[in-house]
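First up is the structure itself, then whatever we jot down about it.
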Amino acid sequence: MNRRNFLAKLTHFFSLALGALIALPVFRFLLESLKEQSDSSWVSISSADANIATDEFVQISFKRLVQNGWTRQLVEELVWVRKKADGSFIVFNPHCTHLGCAFGWNSNSKEFQCPCHGGKFDRDGKRIAGPPPRPLDRYETKVENNVLKIGKLMKA
Amino acid sequence: MKIARILRMPGEWFENRLGLKTSAQEFLQEPLPDKIGWAHVFGSMLLILFLIQLVSGVLLSFVYSPSPENAHASLRYLSEEMKGGAWLRGIHRWAAYLTVAVLGLHLLRTFVYAAYRKPREATWIVGVLLLLCVLAFAQTGFLLPWDQMAYWGTEVTIRIISTAPLLGPKIGLLLRGGTTIGSFTLSRFYSLHTVILPLITVLLILAHLFLIRRYGVTAPWSNTEESVPRNTPFYPFQTVRDSAAMLVIVVIVFFLAALLPAELGNPADPSDNSIVPRPDWYFLFLFQLLHYFQGKWEVIGTFVLPNLGILLLLLIPFIDRNPSRKLSRRPVAIILLVFAICSWGFLTYAAVVQRPEEKTKQSPRGLAVSRSERVKRPSEVGGIYVLKQRCLECHAMTAAGNRPLQILARNQFPSGGSWLKDHLEKNGRDASLSNEQVNELMSVLQIVTDDHPHLLYTIPRPVRFGAHTFYTNFCINCHTIDGQGGKKGPDLTIRPLRSKEWHIQHIRDPQSVTPGSKMQEFPDFSNAEYSALADYLLYLHLP
């Protein structure tokens with residue numbers, strides 16, 4: 001290898017090292033930002049013996065303390081709640097699993113109907129019609145000291 | 001063989017259309033005069049530093065929020081909550097410092113080699129404009145952290161700009177966006193720092209590079225251009241030095257950033273005038289200059305001399321008519337150089353030596369409402385706990401109360417701690433007051449008898465007890481809250497929000513939630529005290 005080739009190789013090596021070095025903080029930062037942060041803390045949404053008719057859906061709004069970057073905000077959220085005959089609860093996230101539109105409960109036909117693209121779900125969240133790819137998303141639920149709490153969002 | 005040909009096709013297509021390879025080769029084969037060497041790597045170093053600033057600046061802007069309410073909080077979040085955030089800020093700051101330093105060397109080298117002479121005057125002028133851009137970057141970036149030093153330093157800068165004759169006051173107004181530094185100042189500086197200056201700088205860099213290519217690199221120490229053989233191609237003989245130097249400077253920046261991350265002071269507080277603003281190291285000489293020109297001569301230091309300096313720099317290629325490039329034949333240039341370096345060195349040294357003692361805050365002091373809309377200091381919040389315990393059985397805080405004895409009000413304020421102690425020993429039921437309790441009472445009584453006792457009414461009981469615990473135990477020795485307390489630990493006034501359980505666990509055993517924490521363990525508080533301390537900390541962090 002002559003001097004010229006050696007210096008050329010050295011330039012290539014230095015340039016590669018430079019590129020790698022500068023990429024280091026960039027990837028470190030971007031990877032950190034790509035981490036999905038799921039909020040798995042339990043939130044109280046209602047009193048468990050509140051006036052909820054068995055096997056009928058009601059919409060309940062509650063406030064969740066959301067950490068948004070360096071601020072914390074109380075954000076109002078909605079859920080669809082059904083009390084089962086055995087006293088346990090089913091809580092659905094109010095967004096259609098197709099493209100996230102808000103759906104409504106049709107108490108005559110006993111089904112959830114999404115106005116955007118005609119998605120329909122039955123009372124257990126199973127898809128009946130339309131384009132949705134999966135059943136409705138549910139929250140984990142528990143009753144503690146007579147308070148209904150929801151936890152992690154479970155996607156089927 | 002066929003596959004290889006097909007694989008090459010897209011490359012050939014692009015090469016035929018764009019000719020990038022050909023122009024890159026032309027660029028790389030540029031013949032350089034002999035004797036080009038390590039002294040010529042500063043330009044490349046500046047280029048890589050600028051690239052680092054672009055990249056790290058974009059990443060910073062992913063988090064930074066340019067408003068007075070959020071700027072400081074967002075950077076604190078970046079530095080303390082995000083992994084690698086402190087490093088990122090450190091990189092941006094150290095690359096800035098080193099840009100100024102390397103720029104100085106680059107300027108020095110160009111001057112020593114007299115590389116600014118005909119036909120390269122324009123290259124030099126563009127270079128000086130780039131220098132001004134770098135200084136403008138430094139000055140606008142200085143405000144963005146929105147800490148005390150940023151706020152008060154920028155106040156001084158804008159005042160200096162405003163002293164310029166004719167347009168000065170108008171430019172000051174435009175920069176500040178009003179009569180005081182606020183939202184508009186911050187958003188304008190942000191826009192300058194992240195949009196306007198980068199655009200101008202990129203254009204100037206392109207012009208600088210274009211001009212360097214057009215006229216070639218000056219042959220060192222030779223008076224004529226023609227006599228110097230040019231048979232060293234740029235690649236690889238100079239690129240190897242350039243890339244090595246670039247690598248070294250990047251490694252230095254990254255190491256310094258990891259070792260000494262950028263500091264973040266307390267959030268800007270317009271009502272706190274205890275701050276003595278000081279510029280970063282590269283502006284210290286200008287700062288020191290102001291000491292020598294006062295009164296009506298001030299404008300000499302703030303406007304005339306700096307601008308004369310810039311003008312001189314710009315005009316050097318036209319003033320310098322000396323035909324020789326050898327330093328030994330350029331006495332005027334040598335004198336000028338020595339004078340410039342000595343005066344810069346002297347002024348910077350003088351500024352470092354004369355660093356004033358930081359004013360200590362009077363503590364405890366009465367509450368000025370402009371300082372904070374809420375009472376936060378441990379002695380004040382804790383004071384109301386002691387006040388309720390010891391005083392309110394007999395006294396009322398306002399005239400509205402119907403307590404049997406005196407109203408705690410202005411003009412009836414006890415004149416000193418010993419008086420208070422005596423008074424309580426004579427009249428109080430529980431006679432013994434510790435010194436801390438006396439201090440707490442003294443500081444809270446100042447608020448009670450001030451115009452703003454209502455600020456105390458809304459503080460919940462656990463918070464009062466927590467502050468009392470904080471003040472009378474070990475916490476205050478290390479932690480500052482709203483300007484009161486020791487400096488060993490972090491200031492607790494502004495912190496990212498955490499849960500109560502986190503704080504309790506952190507006080508009990510800091511290592512368990514913050515590995516590597518320097519704080520000692522406090523396993524012996526009662527449960528009520530832990531809970532109250534956490535309540536007090538959360539109270540400090542309320543929006």
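Please note that chains go A, B, ... in the order of the structure tokens, that every chain numbers its residues from 1, and that ligands are numbered from 1 in the order shown.
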
Return as CSV the residues of chain B lying at most 9 Å from chain A, together with the closest atom-to-atom pair for each and the distance in Å to one decimal, counting only C-alpha atoms, with rows in chain order and ascending residue number.
residue,atom,partner,partner_atom,distance
B:Ile52,CA,A:Ile22,CA,7.2
B:Val55,CA,A:Val26,CA,7.6
B:Ser56,CA,A:Val26,CA,7.6
B:Leu59,CA,A:Val26,CA,7.4
B:Val63,CA,A:Gly69,CA,8.4
B:Asn70,CA,A:Trp70,CA,8.3
B:Ala73,CA,A:Trp70,CA,6.4
B:Ser74,CA,A:Trp70,CA,5.9
B:Leu75,CA,A:Trp70,CA,8.9
B:Arg76,CA,A:Trp70,CA,8.3
B:Tyr77,CA,A:Trp70,CA,5.6
B:Leu78,CA,A:Trp70,CA,8.6
B:Glu81,CA,A:Trp70,CA,8.8
B:Met82,CA,A:Glu32,CA,7.7
B:Lys83,CA,A:Glu32,CA,7.0
B:Gly84,CA,A:Phe29,CA,6.7
B:Gly85,CA,A:Phe29,CA,7.6
B:Trp87,CA,A:Pro25,CA,8.3
B:Leu88,CA,A:Pro25,CA,7.0
B:Tyr235,CA,A:Ala8,CA,7.0
B:Pro236,CA,A:Ala8,CA,4.7
B:Phe237,CA,A:Leu7,CA,6.4
B:Gln238,CA,A:Leu7,CA,9.0
B:Thr239,CA,A:Thr11,CA,6.1
B:Val240,CA,A:Thr11,CA,4.5
B:Arg241,CA,A:Thr11,CA,8.0
B:Asp242,CA,A:Thr11,CA,8.4
B:Ser243,CA,A:Phe14,CA,5.6
B:Ala244,CA,A:Phe14,CA,6.0
B:Met246,CA,A:Leu18,CA,7.5
B:Leu247,CA,A:Leu18,CA,5.6
B:Val250,CA,A:Leu18,CA,7.6
B:Val251,CA,A:Leu21,CA,8.0
B:Phe254,CA,A:Leu21,CA,8.9
B:Pro496,CA,A:Trp70,CA,6.3
B:Leu497,CA,A:Arg72,CA,7.5
B:Pro543,CA,A:Thr71,CA,8.8

| Nearby residues (only C-alpha atoms) at most 6 Å from Ala268 of chain B, same-chain spacing under 4 positions excluded, as a PyMOL selection string | chain B and resi 146-148+151

Next, the residues of the selection above should be written as a compact mmCIF listing (two decimals), in the first residue's frame with all heavy atoms.
# COMPACT_ATOMS: atom_id res chain seq x y z
N TRP B 146 -33.88 30.42 29.81
CA TRP B 146 -34.79 31.20 30.65
C TRP B 146 -34.49 30.99 32.13
O TRP B 146 -35.38 30.86 32.96
CB TRP B 146 -36.25 30.83 30.35
CG TRP B 146 -37.24 31.89 30.74
CD1 TRP B 146 -38.14 31.81 31.78
CD2 TRP B 146 -37.45 33.17 30.14
NE1 TRP B 146 -38.87 32.96 31.86
CE2 TRP B 146 -38.48 33.81 30.86
CE3 TRP B 146 -36.86 33.84 29.08
CZ2 TRP B 146 -38.94 35.09 30.55
CZ3 TRP B 146 -37.32 35.11 28.76
CH2 TRP B 146 -38.34 35.70 29.49
N ASP B 147 -33.19 30.89 32.46
CA ASP B 147 -32.87 30.90 33.88
C ASP B 147 -32.45 32.32 34.26
O ASP B 147 -32.46 33.23 33.43
CB ASP B 147 -31.82 29.83 34.23
CG ASP B 147 -30.53 29.99 33.43
OD1 ASP B 147 -30.39 31.01 32.73
OD2 ASP B 147 -29.68 29.10 33.51
N GLN B 148 -32.09 32.47 35.52
CA GLN B 148 -31.80 33.82 36.03
C GLN B 148 -30.71 34.51 35.21
O GLN B 148 -30.84 35.66 34.81
CB GLN B 148 -31.35 33.72 37.49
CG GLN B 148 -32.47 33.46 38.44
CD GLN B 148 -33.26 34.72 38.73
OE1 GLN B 148 -33.80 35.36 37.83
NE2 GLN B 148 -33.34 35.08 39.99
N TYR B 151 -31.90 35.53 31.76
CA TYR B 151 -32.82 36.67 31.79
C TYR B 151 -32.07 37.97 32.02
O TYR B 151 -32.19 38.92 31.26
CB TYR B 151 -33.85 36.44 32.91
CG TYR B 151 -34.90 37.51 32.98
CD1 TYR B 151 -36.10 37.36 32.30
CD2 TYR B 151 -34.69 38.68 33.71
CE1 TYR B 151 -37.07 38.33 32.36
CE2 TYR B 151 -35.66 39.66 33.76
CZ TYR B 151 -36.85 39.48 33.09
OH TYR B 151 -37.80 40.45 33.14

| Using the chain letters and numbers from this document, which residues of chain A does DSSP assign to alpha helix (DSSP H), as a ChimeraX atom specification? | /A:3-34

| task | Rank nothing, just name the residue among B:Cys478, B:Leu337, B:Glu263, B:Leu51 nearest to Arg89 of chain B, using only C-alpha atoms. | result | B:Glu263

| task | Work out how far apart atom CA of Ser432 of chain B and atom CA of Gln484 of chain B are and give it in Å to one decimal. | result | 25.0 Å

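The interatomic distance for the pair atom CA of Val352 of chain B and atom CA of Met149 of chain B works out to 16.5 Å.
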
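One distance worth recording is that between atom CA of Trp42 of chain A and atom CA of Trp80 of chain A, which is 16.7 Å.
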
| field | All strand (DSSP E) positions in segment 12-131 of chain A, as number ranges by chain | value | A: 43-47, 57-68, 71-83, 89-92, 104-106, 111-113, 120-121, 127-129

| Who sits within 8 Å of segment 95-106 of chain B, only C-alpha atoms, same chain under 4 positions skipped, as a PyMOL selection string | chain B and resi 42-43+45-46+49-50+52-53+91+110+131+134-135+138+253+282

| said: List the spatial neighbours of Val58 of chain A as a VMD selection string - criterion: any atom at most 8 Å away, only C-alpha atoms, same-chain residues fewer than 4 positions off excluded. | reply: chain A and resid 52 80 to 82

For C-alpha atoms, I'd like the residues from the last selection saved as a PDB file, in the first residue's frame.
ATOM      1  CA  ILE A  52     -76.208   1.754  36.596  1.00  0.00           C
ATOM      2  CA  TRP A  80     -68.801   2.896  27.977  1.00  0.00           C
ATOM      3  CA  VAL A  81     -69.716   0.874  31.068  1.00  0.00           C
ATOM      4  CA  ARG A  82     -71.960  -2.116  31.484  1.00  0.00           C
TER       5      ARG A  82
END

| query | Between B:Ile316, B:Ile300, B:Val58, B:Ala245, which is the closest to Glu121 of chain B once you count only C-alpha atoms? | reply | B:Ile316
